[in-house]
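J.: What follows is target_27.txt, made up of compact mmCIF, C-alpha atoms:
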```txt
# COMPACT_ATOMS: atom_id res chain seq x y z
CA MET A 1 5.24 166.22 -95.69
CA SER A 2 3.46 169.36 -94.49
CA PRO A 3 4.47 171.01 -91.22
CA SER A 4 2.66 169.55 -88.23
CA ILE A 5 2.52 169.54 -84.45
CA SER A 6 4.73 166.44 -84.49
CA ASP A 7 7.62 168.62 -85.68
CA VAL A 8 7.98 169.29 -81.95
CA PRO A 9 10.29 166.43 -80.90
CA GLY A 10 8.53 163.82 -78.78
CA ILE A 11 4.99 164.72 -79.86
CA LEU A 12 2.97 162.01 -81.64
CA VAL A 13 -0.63 162.09 -82.88
CA GLY A 14 -3.05 159.22 -83.37
CA HIS A 15 -6.60 159.04 -84.72
CA ALA A 16 -9.41 156.53 -84.34
CA THR A 17 -12.02 157.09 -87.05
CA ASP A 18 -15.58 155.77 -87.25
CA ALA A 19 -16.40 156.81 -90.82
CA PRO A 20 -19.95 155.31 -90.96
CA GLY A 21 -20.82 156.87 -87.61
CA ALA A 22 -19.15 160.20 -88.55
CA THR A 23 -17.21 160.47 -85.32
CA GLY A 24 -13.86 159.58 -83.81
CA CYS A 25 -11.14 160.73 -81.47
CA THR A 26 -7.63 162.14 -81.68
CA VAL A 27 -4.85 161.72 -79.14
CA VAL A 28 -1.77 163.92 -78.75
CA LEU A 29 0.84 161.82 -76.94
CA ALA A 30 3.42 163.52 -74.76
CA PRO A 31 7.05 162.42 -74.55
CA ALA A 32 7.60 159.49 -72.19
CA GLU A 33 8.35 161.77 -69.25
CA GLY A 34 5.14 163.77 -69.76
CA MET A 35 4.86 167.52 -70.35
CA PRO A 36 3.57 170.56 -68.47
CA CYS A 37 0.25 171.69 -69.90
CA THR A 38 -2.36 174.39 -69.37
CA ALA A 39 -5.85 174.83 -70.81
CA PHE A 40 -7.77 177.98 -71.65
CA VAL A 41 -11.55 177.62 -71.92
CA ARG A 42 -12.89 180.17 -74.37
CA GLY A 43 -16.30 178.69 -75.19
CA ARG A 44 -19.38 178.54 -72.99
CA ALA A 45 -20.67 175.05 -73.84
CA THR A 46 -17.64 172.95 -72.93
CA GLY A 47 -17.49 169.20 -72.34
CA SER A 48 -14.28 168.18 -70.62
CA ARG A 49 -12.44 165.89 -68.24
CA GLU A 50 -9.37 166.46 -66.04
CA LEU A 51 -8.94 170.11 -67.02
CA ASP A 52 -8.05 170.82 -63.39
CA ALA A 53 -4.85 168.83 -63.98
CA CYS A 54 -3.80 171.64 -66.31
CA ARG A 55 -4.00 174.33 -63.63
CA PRO A 56 -0.62 175.78 -62.53
CA GLU A 57 -1.16 174.70 -58.93
CA SER A 58 -2.14 171.08 -59.67
CA LEU A 59 -0.04 168.34 -58.06
CA ALA A 60 0.93 166.23 -61.06
CA GLY A 61 2.79 169.01 -62.84
CA ARG A 62 2.49 167.42 -66.26
CA VAL A 63 0.19 165.39 -68.52
CA ASP A 64 0.79 162.17 -70.43
CA ALA A 65 -1.64 162.74 -73.31
CA ILE A 66 -4.39 165.09 -74.46
CA LEU A 67 -7.59 163.62 -75.88
CA LEU A 68 -9.80 165.45 -78.36
CA THR A 69 -12.95 163.51 -79.09
CA GLY A 70 -16.28 163.53 -80.84
CA GLY A 71 -19.46 162.15 -79.32
CA SER A 72 -20.18 165.13 -77.07
CA ALA A 73 -20.06 164.22 -73.35
CA TYR A 74 -20.48 160.53 -74.24
CA GLY A 75 -17.13 160.67 -76.03
CA LEU A 76 -15.27 161.37 -72.80
CA ALA A 77 -15.41 157.61 -72.25
CA ALA A 78 -12.59 157.35 -74.80
CA ALA A 79 -10.25 158.74 -72.13
CA ASP A 80 -10.62 155.44 -70.26
CA GLY A 81 -8.99 153.67 -73.19
CA VAL A 82 -6.19 156.23 -73.33
CA MET A 83 -5.52 155.65 -69.62
CA ARG A 84 -5.51 151.86 -70.04
CA TRP A 85 -3.05 152.12 -72.92
CA MET A 86 -0.83 154.43 -70.91
CA GLU A 87 -0.93 152.18 -67.87
CA ALA A 88 0.00 149.17 -69.99
CA HIS A 89 3.05 151.11 -71.18
CA GLY A 90 4.03 152.20 -67.68
CA ARG A 91 3.33 155.88 -68.32
CA GLY A 92 1.72 158.15 -65.77
CA PHE A 93 2.02 159.77 -62.36
CA GLU A 94 3.96 157.30 -60.27
CA ILE A 95 2.41 156.06 -57.04
CA ALA A 96 2.96 153.03 -54.84
CA GLY A 97 1.90 150.03 -56.90
CA GLY A 98 1.80 151.61 -60.35
CA VAL A 99 1.00 154.73 -62.31
CA VAL A 100 -1.99 157.01 -62.81
CA PRO A 101 -1.96 158.49 -66.34
CA ILE A 102 -2.94 162.16 -66.51
CA VAL A 103 -5.15 162.64 -69.58
CA PRO A 104 -7.12 165.89 -69.93
CA ALA A 105 -9.85 165.66 -72.56
CA ALA A 106 -12.35 167.87 -74.36
CA VAL A 107 -15.19 167.11 -76.76
CA VAL A 108 -16.91 168.42 -79.87
CA PHE A 109 -20.62 167.92 -80.48
CA ASP A 110 -20.85 165.82 -83.66
CA LEU A 111 -23.92 163.70 -82.86
CA LEU A 112 -25.77 165.49 -85.69
CA PRO A 113 -26.23 166.02 -88.60
CA LEU A 114 -23.88 163.37 -90.05
CA GLY A 115 -23.61 159.69 -89.26
CA ARG A 116 -25.57 158.18 -86.36
CA PHE A 117 -26.60 159.74 -83.06
CA ASP A 118 -25.61 156.57 -81.18
CA ALA A 119 -22.08 156.47 -82.65
CA ARG A 120 -19.69 157.71 -79.97
CA PRO A 121 -16.02 157.03 -79.28
CA GLY A 122 -15.37 154.82 -76.27
CA ALA A 123 -12.49 153.15 -74.50
CA GLU A 124 -11.68 150.93 -77.49
CA GLU A 125 -11.33 153.95 -79.77
CA GLY A 126 -9.22 155.82 -77.23
CA ALA A 127 -6.78 152.93 -76.97
CA ALA A 128 -6.74 152.50 -80.76
CA ALA A 129 -5.84 156.18 -81.24
CA CYS A 130 -2.89 155.74 -78.87
CA GLY A 131 -1.75 152.64 -80.72
CA ALA A 132 -1.92 154.53 -84.02
CA ALA A 133 0.08 157.52 -82.77
CA ALA A 134 2.86 158.53 -85.14
CA ALA A 135 4.80 161.52 -86.41
CA ALA A 136 2.79 161.55 -89.67
CA VAL A 137 -0.46 163.37 -88.89
CA ALA A 138 -3.51 162.75 -91.07
CA GLU A 139 -5.72 165.80 -91.64
CA GLY A 140 -9.25 166.49 -92.74
CA SER A 141 -12.18 164.17 -92.08
CA VAL A 142 -10.43 161.87 -89.62
CA GLY A 143 -10.38 161.27 -85.87
CA ALA A 144 -12.22 163.88 -83.84
CA GLY A 145 -12.85 165.81 -87.06
CA THR A 146 -14.70 163.01 -88.86
CA GLY A 147 -18.16 164.47 -88.26
CA ALA A 148 -17.13 168.10 -87.83
CA THR A 149 -19.05 170.87 -89.58
CA VAL A 150 -18.66 174.67 -89.70
CA GLY A 151 -20.76 177.69 -90.62
CA LYS A 152 -24.05 176.83 -88.92
CA ALA A 153 -25.49 180.31 -88.38
CA LEU A 154 -28.29 179.63 -90.88
CA GLY A 155 -28.85 176.05 -89.76
CA LEU A 156 -27.16 172.72 -90.29
CA GLU A 157 -28.49 172.32 -93.83
CA TRP A 158 -26.37 175.29 -94.94
CA ALA A 159 -23.17 174.20 -93.18
CA MET A 160 -19.87 173.04 -94.63
CA LYS A 161 -17.47 170.32 -93.57
CA GLY A 162 -14.89 170.89 -90.84
CA GLY A 163 -12.15 168.55 -89.72
CA VAL A 164 -8.66 168.21 -88.25
CA GLY A 165 -5.76 170.42 -89.28
CA THR A 166 -2.18 170.86 -88.12
CA TRP A 167 0.75 173.18 -88.74
CA SER A 168 4.07 174.23 -87.23
CA VAL A 169 6.33 177.27 -87.40
CA ARG A 170 9.89 177.98 -86.34
CA GLY A 171 11.75 180.93 -84.92
CA GLY A 172 15.43 180.07 -84.67
CA ALA A 173 15.67 176.96 -82.49
CA VAL A 174 12.08 177.34 -81.26
CA ILE A 175 9.37 175.15 -82.77
CA VAL A 176 5.66 175.67 -82.11
CA GLY A 177 3.06 173.33 -83.57
CA ALA A 178 -0.72 173.34 -83.38
CA LEU A 179 -3.46 170.81 -84.03
CA ALA A 180 -7.08 171.96 -84.39
CA VAL A 181 -10.40 170.13 -84.51
CA VAL A 182 -12.76 172.63 -86.14
CA ASN A 183 -16.48 172.04 -85.61
CA ALA A 184 -17.44 175.70 -85.29
CA PHE A 185 -20.75 177.52 -85.21
CA GLY A 186 -19.04 180.42 -86.99
CA ASP A 187 -17.42 180.84 -90.39
CA VAL A 188 -13.75 180.02 -91.01
CA LEU A 189 -11.77 182.84 -92.62
CA ASP A 190 -8.51 182.96 -94.55
CA ALA A 191 -5.62 185.25 -93.60
CA SER A 192 -7.15 188.16 -95.53
CA GLY A 193 -10.48 187.89 -93.73
CA ARG A 194 -12.41 186.27 -96.58
CA ILE A 195 -14.73 183.34 -95.75
CA LEU A 196 -13.18 180.00 -96.68
CA ALA A 197 -15.93 177.77 -95.32
CA GLY A 198 -19.12 178.96 -93.71
CA ALA A 199 -22.87 179.36 -93.80
CA ARG A 200 -24.00 179.15 -97.42
CA ARG A 201 -26.81 181.08 -99.07
CA ALA A 202 -29.47 179.22 -101.02
CA GLY A 203 -28.57 181.18 -104.15
CA GLY A 204 -24.83 180.66 -103.76
CA GLY A 205 -22.05 182.37 -101.86
CA PHE A 206 -21.73 182.88 -98.13
CA ALA A 207 -24.22 184.54 -95.81
CA GLY A 208 -21.61 185.87 -93.37
CA ALA A 209 -22.42 184.66 -89.85
CA ALA A 210 -21.22 187.83 -88.13
CA GLU A 211 -23.27 190.10 -90.38
CA HIS A 212 -26.32 187.82 -90.14
CA LEU A 213 -26.27 187.84 -86.35
CA ALA A 214 -25.42 191.54 -86.05
CA ALA A 215 -28.51 192.35 -88.13
CA GLY A 216 -30.67 190.40 -85.69
CA GLY A 217 -30.84 187.21 -87.72
CA ALA A 218 -31.91 184.07 -85.88
CA PRO A 219 -29.16 181.49 -85.28
CA GLY A 220 -30.81 178.85 -87.50
CA GLY A 221 -31.66 176.27 -84.86
CA ALA A 222 -28.09 176.35 -83.56
CA LEU A 223 -29.30 176.68 -79.97
CA ARG A 224 -31.17 173.38 -80.11
CA GLY A 225 -28.31 171.09 -79.14
CA ALA A 226 -25.21 173.23 -79.70
CA HIS A 227 -23.62 171.20 -82.52
CA HIS A 228 -20.33 173.04 -82.29
CA THR A 229 -16.84 173.59 -80.71
CA THR A 230 -13.25 174.10 -81.84
CA LEU A 231 -10.45 172.39 -79.92
CA VAL A 232 -6.75 173.24 -80.23
CA VAL A 233 -3.53 171.76 -78.89
CA VAL A 234 -0.42 173.95 -79.10
CA ALA A 235 2.93 172.31 -78.34
CA THR A 236 6.43 173.74 -78.27
CA ASN A 237 10.01 172.64 -77.67
CA ALA A 238 10.53 175.81 -75.59
CA ALA A 239 11.01 175.25 -71.87
CA LEU A 240 8.02 177.08 -70.38
CA ASP A 241 6.34 176.57 -67.03
CA ARG A 242 2.59 176.28 -66.69
CA LEU A 243 2.13 179.95 -65.87
CA ALA A 244 3.85 180.97 -69.13
CA LEU A 245 1.94 178.30 -71.02
CA GLY A 246 -1.26 180.00 -69.93
CA GLY A 247 -0.24 182.94 -72.10
CA VAL A 248 0.47 180.57 -75.00
CA ALA A 249 -3.00 179.04 -74.67
CA ARG A 250 -4.56 182.51 -74.72
CA ALA A 251 -2.51 183.34 -77.82
CA GLY A 252 -4.07 180.28 -79.48
CA ALA A 253 -7.47 181.66 -78.52
CA ASP A 254 -6.49 184.96 -80.16
CA ALA A 255 -5.92 182.99 -83.36
CA LEU A 256 -9.36 181.41 -83.11
CA ALA A 257 -10.91 184.86 -82.84
CA ARG A 258 -9.15 185.84 -86.09
CA ARG A 259 -10.00 182.75 -88.09
CA VAL A 260 -13.37 181.57 -86.67
CA VAL A 261 -16.04 184.29 -86.63
CA PRO A 262 -17.80 184.31 -84.26
CA SER A 263 -15.88 182.03 -81.88
CA GLY A 264 -16.26 181.24 -78.19
CA THR A 265 -20.03 181.67 -78.39
CA ALA A 266 -22.71 180.41 -76.02
CA VAL A 267 -23.05 177.33 -78.24
CA ASP A 268 -19.33 176.61 -78.68
CA GLY A 269 -17.17 174.74 -76.17
CA ASP A 270 -13.83 176.03 -77.43
CA VAL A 271 -10.75 174.91 -75.46
CA VAL A 272 -7.08 175.62 -76.20
CA PHE A 273 -4.39 173.43 -74.62
CA ALA A 274 -0.74 174.56 -74.51
CA ALA A 275 2.12 172.21 -73.65
CA SER A 276 5.90 172.33 -73.37
CA ALA A 277 7.75 169.28 -74.68
CA GLY A 278 11.32 170.53 -74.78
CA SER A 279 14.16 172.37 -73.11
CA VAL A 280 14.99 175.19 -75.55
CA ALA A 281 15.37 178.56 -73.84
CA ALA A 282 13.00 181.11 -75.37
CA PRO A 283 11.03 184.19 -74.31
CA ALA A 284 7.34 183.55 -73.74
CA PHE A 285 6.40 186.42 -76.08
CA GLN A 286 8.11 184.64 -78.97
CA VAL A 287 6.31 181.38 -78.28
CA GLU A 288 2.99 183.19 -77.99
CA GLN A 289 3.40 184.83 -81.39
CA LEU A 290 4.44 181.59 -83.04
CA ALA A 291 1.43 179.93 -81.40
CA ARG A 292 -0.91 182.46 -83.04
CA THR A 293 0.56 181.73 -86.47
CA ALA A 294 0.55 177.95 -86.06
CA THR A 295 -3.02 177.90 -84.74
CA GLU A 296 -4.34 180.07 -87.54
CA MET A 297 -2.84 177.76 -90.15
CA ALA A 298 -4.06 174.63 -88.34
CA VAL A 299 -7.61 175.99 -88.37
CA GLU A 300 -7.35 176.78 -92.07
CA ARG A 301 -5.96 173.33 -92.86
CA ALA A 302 -8.83 171.72 -90.97
CA VAL A 303 -11.37 173.02 -93.47
CA ARG A 304 -9.16 172.92 -96.57
CA MET A 305 -8.50 169.19 -96.07
CA ALA A 306 -12.08 168.21 -95.17
CA ARG A 307 -14.19 166.18 -97.59
CA GLY A 308 -17.94 166.62 -97.90
CA ARG A 309 -20.55 163.98 -97.22
CA GLU A 310 -24.31 163.56 -96.99
CA GLY A 311 -25.00 166.81 -98.81
CA ILE A 312 -22.61 168.94 -96.76
CA PRO A 313 -19.77 170.13 -99.04
CA GLY A 314 -16.10 170.21 -98.14
CA LEU A 315 -13.24 172.22 -99.61
CA ALA A 316 -11.25 169.07 -100.40
CA ASP A 317 -13.99 167.75 -102.73
```
What is this file in structure tokens?
T.:
Amino acid sequence: MSPSISDVPGILVGHATDAPGATGCTVVLAPAEGMPCTAFVRGRATGSRELDACRPESLAGRVDAILLTGGSAYGLAAADGVMRWMEAHGRGFEIAGGVVPIVPAAVVFDLLPLGRFDARPGAEEGAAACGAAAAAVAEGSVGAGTGATVGKALGLEWAMKGGVGTWSVRGGAVIVGALAVVNAFGDVLDASGRILAGARRAGGGFAGAAEHLAAGGAPGGALRGAHHTTLVVVATNAALDRLALGGVARAGADALARRVVPSGTAVDGDVVFAASAGSVAAPAFQVEQLARTATEMAVERAVRMARGREGIPGLAD
């Protein structure tokens, strides 16, 4: 089994996949006691819910799950199902009479070009993703990555398939894992800087989104609906507070800037979550560096494992 975010003890991942509709959602479940979490918003077209719960000064102090979902803003309804599942299992912020699950969520825009515009994850899918949560993490065209595409600088017709990827790295007793849903406007690069998946030229090869835009090239209809966004969850067994986790989330954003070019654009809603699910003593600088490595590999896996459909090719074909 490949390294994954679930190598961090207590972390489980579940997908709900609507293959005909080309959408879905992905849930990262915290350990039963919850976990401190922060979020760094890098993009400028973000759809989200409960991100304030990830601020260092927020009351709850920890989250019970993180939802990554397709369906654009409509897909945030899937968080209702995650909350219902959590409540049924007695997990959440305890109050008189019950619990209130803390579930931050963020979306990708996958309403076009694949599947159906009216296919959006809802409460049923959110609950199903929780019920499917396990240590074995499926990658590629599943969950929130089902309808993901990348490399849209020349228009959707020249895009390639994105998806879900995960990876983990270790430094002594410290484990850092990342899970990425890659639905980027930009191209996805390998570690050497070569384009792995991106905007294709009609005659073959890649156009190079950065070069195309730098030369004054039009963004290929990308501004009409913003069909983009990359979402990342970084988790570690290191005992970090929310202030330190803010640095880990920014380190994940550093990795996006290396592997998705351009990233964090006006038509991307990129968000990086960082969470601590353990008690291992470790310096924040170490966790940040491991987070960069894990995130880079998770982004790469997301496109390497994605299968093409409806004329949009994938690297796993």
J.: Within 7 Å of (-14.0, 182.8, -88.1), in the coordinates the file gives, what residues turn up when you count all atoms listed in the file, written out as a VMD selection string?
T.: chain A and resid 186 to 189 256 to 263
J.: Between A:Gly131, A:Pro31, A:Pro219, A:Gly47, which one has atoms that come closest to Gly10 of chain A, using only C-alpha atoms?
T.: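 For Gly10 of chain A, the nearest of the given residues is A:Pro31.
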J.: Which residues are near Glu139 of chain A? Cut-off 12 Å, all atoms listed in the file, ignore same chain within fewer than 5 positions. Put them as a PyMOL selection string.
T.: chain A and resi 1-5+13-15+17+26+144-146+162-167+179-182+298-307+316
J.: Which of these residues is nearest to Ala148 of chain A, using all atoms listed in the file: A:Leu112, A:Ala96, A:Ala235, A:Leu315?
T.: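 Comparing A:Leu112, A:Ala96, A:Ala235, A:Leu315 against Ala148 of chain A, the winner is A:Leu112.
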J.: Can you pull out every residue within 8 Å of Ala274 of chain A, counting all atoms listed in the file, but drop anything in the same chain fewer than 3 positions away, and send it as a PyMOL selection string?
T.: chain A and resi 37-39+233-235+245-246+248-249
J.: Just how far from atom CA of Gly140 of chain A is atom CA of Gly204 of chain A, in Å to one decimal?
T.: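 Distance between the two atoms: 23.8 Å.
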J.: Find the residues near Asp118 of chain A: any atom within 9 Å, counting all atoms listed in the file, skip ones fewer than 4 places away on the same chain, and give them as a PyMOL selection string.
T.: chain A and resi 21+71+111
J.: What is the atom CA of Asn237 of chain A-atom CA of Gly61 of chain A distance in Å, reported with one decimal?
T.: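 Taking atom CA of Asn237 of chain A as the start and atom CA of Gly61 of chain A as the end point, the length is 16.9 Å.
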J.: Measuring between only C-alpha atoms, which one of A:Arg116, A:Arg42, A:Arg170, A:Lys161 shows the shortest distance to Gly252 of chain A?
T.: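 Looking at the shortest contact to Gly252 of chain A, the residue is A:Arg42.
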J.: What is the atom CA of Glu87 of chain A-atom CA of Ser48 of chain A distance in Å, reported with one decimal?
T.: 21.0 Å
J.: Looking at A:Phe40, A:Trp85, A:Phe185, A:Phe93, which one is nearest to Val27 of chain A, with distances taken over only C-alpha atoms?
T.: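 For Val27 of chain A, the nearest of the given residues is A:Trp85.
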J.: Smallest atom-to-atom distance to Glu288 of chain A: which of A:Ala105, A:Val28, A:Ala78, A:Ile175, using all atoms listed in the file?
T.: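 With all atoms listed in the file as the atom set, the closest residue is A:Ile175.
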